[in-house]
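Inspection log for the structure reproduced underneath, given as structure tokens.
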Amino acid sequence: FVVPAGQRDPVAAAELVDLLLRHGVRVERADAPVLAGREVYPAGSYVIPAAQPYRQFLLTMLRRQRYPEVVPYAGGPVLPPYDITTWSLPISMGVEVTEAEDLSASGGGPARLTAIQAVDWPGGDVTSGAGGYLISHAADTAFTALNRLEAEGKKVYWLKRPVEGVAGSAPGDLWIPADQETPEALGRLSRDAHVPVTPLAKAPAGPALRVKPVRVGLYKPWVASIDEGWTRFLLEQYGFAYETLDNARMKDGTYRGKVTTILLPSVEADILDRGEPASEDRRRFWSPLPPPY
């Protein structure tokens, strides 16, 4: 398998390779361009040989799976999955991964590969930029950086146009004016969040939207909600400020002025209305709660 260099989200690609390394998979880095099938991949691409002890784990994680059409009886409906239909990391993480039958140097002969123990994470030291600093929105960790900057009271802007002369710039990139943060502080943020920060010689031209901090109120019903738990996990991973809103807080309105956005997880209307599921299927796994809940 080849994980090409130059991914749209370089952080997600590094995270995928890091996951494989932490699970005992052998990973190598191409020291020079490699030929896989009819494609040439640049130096710095990750190569994961399939001939290794954790081969079966590797195939399960990187290949596409088809959810089996299991039916309870002939002609019956396909049984729905409990939660997931595939373990395919490239699909779930949005990373380009290519499976190849053979690998060689782009000019012929064996590929030049070096086994690695750790990935090269994006991000690093940041030099001074008279025109401010740019963070690409392509990486998910851009939002981690955004939330940390706003928590410190820094002004951050969302650009409506690409920055001229900056390769890969696109609408939605984040711009931090030069007077908002020091290069040293941005370097620490870049290394910590694994997000590249580009110094600019002059401020971007064109419209820019000031991003306002958001404080989320996440509704949590007394009937356990998987969707609420996963949503809370994501908010924590990306550094969004949030408050848990239970039934009492939703009713008394004490959240007013403390949250800017309310998120309702995917729960049935019956749970919102009466605190208990209505469907027979759901009630099989439900125990009655005391009246206050």
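Following the order of the structure tokens, chains are lettered A, B, ..., residues in each are numbered from 1, and ligands are numbered from 1.
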Residues near A:Val2, anyone? I mean within 7 Å using only C-alpha atoms, not counting same-chain ones fewer than 3 positions away, as a compact mmCIF listing (two decimals) with C-alpha atoms, in the first residue's frame.
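selection29.txt, freshly written:
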```
# COMPACT_ATOMS: atom_id res chain seq x y z
CA SER A 45 5.38 8.88 0.35
CA TYR A 46 4.72 6.14 2.89
CA VAL A 47 4.94 2.52 1.72
CA ILE A 48 3.33 -0.28 3.75
CA VAL A 97 -4.26 5.13 -0.17
CA THR A 98 -3.32 3.01 -3.19
CA GLU A 99 -2.95 -0.77 -3.24
```
With a distance cut-off of 8 Å and only C-alpha atoms, select the neighbouring residues of A:Thr261, excluding the residue or stretch itself and same-chain residues fewer than 2 positions from it, and output the selection as a tab-separated table (two decimals) with N, CA, C and O atoms, in the first residue's frame.
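Written file, part-v4.tsv:
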```
chain	number	residue	atom	x	y	z
A	214	VAL	N	-17.53	30.45	19.51
A	214	VAL	CA	-18.81	29.79	19.71
A	214	VAL	C	-18.75	29.00	21.01
A	214	VAL	O	-17.73	28.41	21.34
A	215	ARG	N	-19.82	29.06	21.78
A	215	ARG	CA	-19.93	28.24	22.98
A	215	ARG	C	-21.17	27.37	22.81
A	215	ARG	O	-22.28	27.87	22.68
A	216	VAL	N	-20.96	26.08	22.81
A	216	VAL	CA	-22.01	25.12	22.47
A	216	VAL	C	-22.74	24.65	23.72
A	216	VAL	O	-22.11	24.38	24.75
A	217	GLY	N	-24.05	24.57	23.62
A	217	GLY	CA	-24.86	23.88	24.62
A	217	GLY	C	-25.30	22.56	24.03
A	217	GLY	O	-26.02	22.53	23.03
A	259	VAL	N	-24.47	30.21	26.24
A	259	VAL	CA	-24.18	29.44	25.03
A	259	VAL	C	-24.68	30.22	23.82
A	259	VAL	O	-25.62	31.01	23.91
A	263	LEU	N	-26.95	22.25	20.36
A	263	LEU	CA	-26.92	21.04	19.54
A	263	LEU	C	-27.85	20.00	20.15
A	263	LEU	O	-27.72	19.65	21.33
```
Stretch 105-121 of chain A surroundings by only C-alpha atoms, 8 Å radius, close-in-sequence under 2 positions cut, as a list in words: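 Listing them by chain and then by number gives Val11, Ala14, Val17, Asp18, Leu21, Arg26, Val27, Glu28, Arg29, Ala30, Asp31, Ala32, Pro33, Val34, Leu35, Val40, Val47, Leu103, Gly123 and His194 of chain A.
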Atom-to-atom span, atom CA of A:Tyr157 and atom CA of A:Ala208, Å: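 Taking atom CA of A:Tyr157 as the start and atom CA of A:Ala208 as the end point, the length is 5.8 Å.
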Selected residue of minimal separation from A:Leu264 among A:Leu218, A:Ile226, A:Ala100, A:Ala138, counting only C-alpha atoms: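 The closest residue to A:Leu264 is A:Leu218.
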Å distance separating atom CA of A:His23 from atom CA of A:Ser88, one decimal place: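 Interatomic distance, atom CA of A:His23 to atom CA of A:Ser88: 15.3 Å.
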Test item, helix (DSSP H, G or I) assignment across stretch 53-259 of chain A, answer as a ChimeraX atom specification: /A:55-62,89-93,141-151,183-193,226-237,247-252
Distance criterion (only C-alpha atoms): nearest to A:Thr260 out of A:Lys212, A:Arg191, A:Arg274, A:Arg63: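 Of all the options, A:Lys212 lies closest to A:Thr260.
Nearest-residue note for A:Pro90: choosing from A:Tyr242, A:Phe143, A:Trp222, A:Phe1, the minimum distance belongs to A:Phe1, counting only C-alpha atoms.
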Non-local contacts of stretch 92-94 of chain A (9 Å; only C-alpha atoms; under 6 positions in same chain excluded) as a list in words: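 Once the nearby chain positions are removed, what remains is Arg8, Asp9, Ala12, Ala13, Glu15, Leu16 and Thr86 of chain A.
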Exercise: A:Pro288 partners within 10 Å, only C-alpha atoms, chain neighbours under 6 positions left out, as a ChimeraX atom specification: /A:223,275-277
Find the nearest atom pair between each residue of stretch 29-128 of chain A and stretch 169-187 of chain A for residues within 9 Å, count only C-alpha atoms, give distances in Å to one decimal, sort rows by chain and ascending number, and present the table as a tab-separated table.
```
residue	atom	partner	partner_atom	distance
A:Gly123	CA	A:Gly187	CA	7.8
A:Gly124	CA	A:Gly187	CA	5.7
A:Asp125	CA	A:Gly187	CA	4.4
A:Val126	CA	A:Gly187	CA	4.8
A:Thr127	CA	A:Pro183	CA	5.7
A:Ser128	CA	A:Pro183	CA	5.5
```
